[in-house]
Amino acid sequence: MKDRRAAARYAEALLRVAEERRAVESVRGELDDLVALVQATPPLQRLLERPDLPAERKFDALSAAVGNAFSDTVLSMLRVLLHHGRGGEVREVEESYDELADEAQGIVRAE
């Protein structure tokens, strides 16, 4: 079961780091790319969700697969998610990050 509150906490921490590094928009783009990659690659999604593999092994496999496509900021966030058994929640973190980044910039979404 996906936990939106936990995803929001990870997204908030990521946003703080991105703000410090003046990289809010580039991190947003990388998260979008990461989610697209995971959704387009079912074996990668299964890897992130596997509870029987150590987090570091999953991270090493993912890092080898994506090469230099993502910044240290995004890879560090992914490593934290994996270490806390939340590798399958990348999309939820991305969604929460988008909302928080918009809010920080004064952007309001109409529904």
# chains A, B, ... in the order shown; residues from 1 in each chain; ligands from 1
call {"tool": "residues_around", "arguments": {"residues": "Arg57 of chain A", "least_positions_apart": "5", "cutoff": "10 Å", "atoms": "only C-alpha atoms", "output": "CSV table (one decimal) with C-alpha atoms, in the first residue's frame"}}
result
chain,number,residue,atom,x,y,z
A,47,LEU,CA,13.2,-4.4,-9.1
A,62,LEU,CA,19.6,0.9,-11.1
A,63,SER,CA,22.6,3.1,-11.2
A,82,LEU,CA,15.1,2.0,-1.3
call {"tool": "select_by_dssp", "arguments": {"residues": "chain A", "states": "alpha helix (DSSP H)", "output": "JSON, numbers by chain"}}
result
{"A": [4, 5, 6, 7, 8, 9, 10, 11, 12, 13, 14, 15, 16, 17, 18, 19, 20, 24, 25, 26, 27, 28, 29, 30, 31, 32, 33, 34, 35, 36, 37, 38, 39, 40, 42, 43, 44, 45, 46, 47, 48, 49, 55, 56, 57, 58, 59, 60, 61, 62, 63, 64, 65, 66, 72, 73, 74, 75, 76, 77, 78, 79, 80, 81, 82, 83, 90, 91, 92, 93, 94, 95, 96, 97, 98, 99, 100, 101, 102, 103, 104]}
call {"tool": "closest_residue", "arguments": {"among": "A:Ile107, A:Val74, A:Val90, A:Val80", "to": "Ala55 of chain A", "atoms": "only C-alpha atoms"}}
result
A:Val80
call {"tool": "atom_distance", "arguments": {"atom1": "atom CA of Arg22 of chain A", "atom2": "atom CA of Ala6 of chain A"}}
result
24.0 Å
call {"tool": "closest_residue", "arguments": {"among": "A:Glu92, A:Leu78, A:Phe70, A:Ala104", "to": "Ser26 of chain A", "atoms": "only C-alpha atoms"}}
result
A:Phe70
call {"tool": "atom_distance", "arguments": {"atom1": "atom CA of Leu100 of chain A", "atom2": "atom CA of Ala69 of chain A"}}
result
23.6 Å
call {"tool": "closest_residue", "arguments": {"among": "A:Val24, A:Val108, A:Leu44, A:Ala101", "to": "Ala65 of chain A", "atoms": "only C-alpha atoms"}}
result
A:Leu44
call {"tool": "closest_residue", "arguments": {"among": "A:Glu25, A:Val66, A:Glu12, A:Arg86", "to": "Leu48 of chain A", "atoms": "only C-alpha atoms"}}
result
A:Arg86
call {"tool": "closest_residue", "arguments": {"among": "A:Glu95, A:Asp3, A:Glu49, A:Glu19", "to": "Asp32 of chain A", "atoms": "only C-alpha atoms"}}
result
A:Glu95
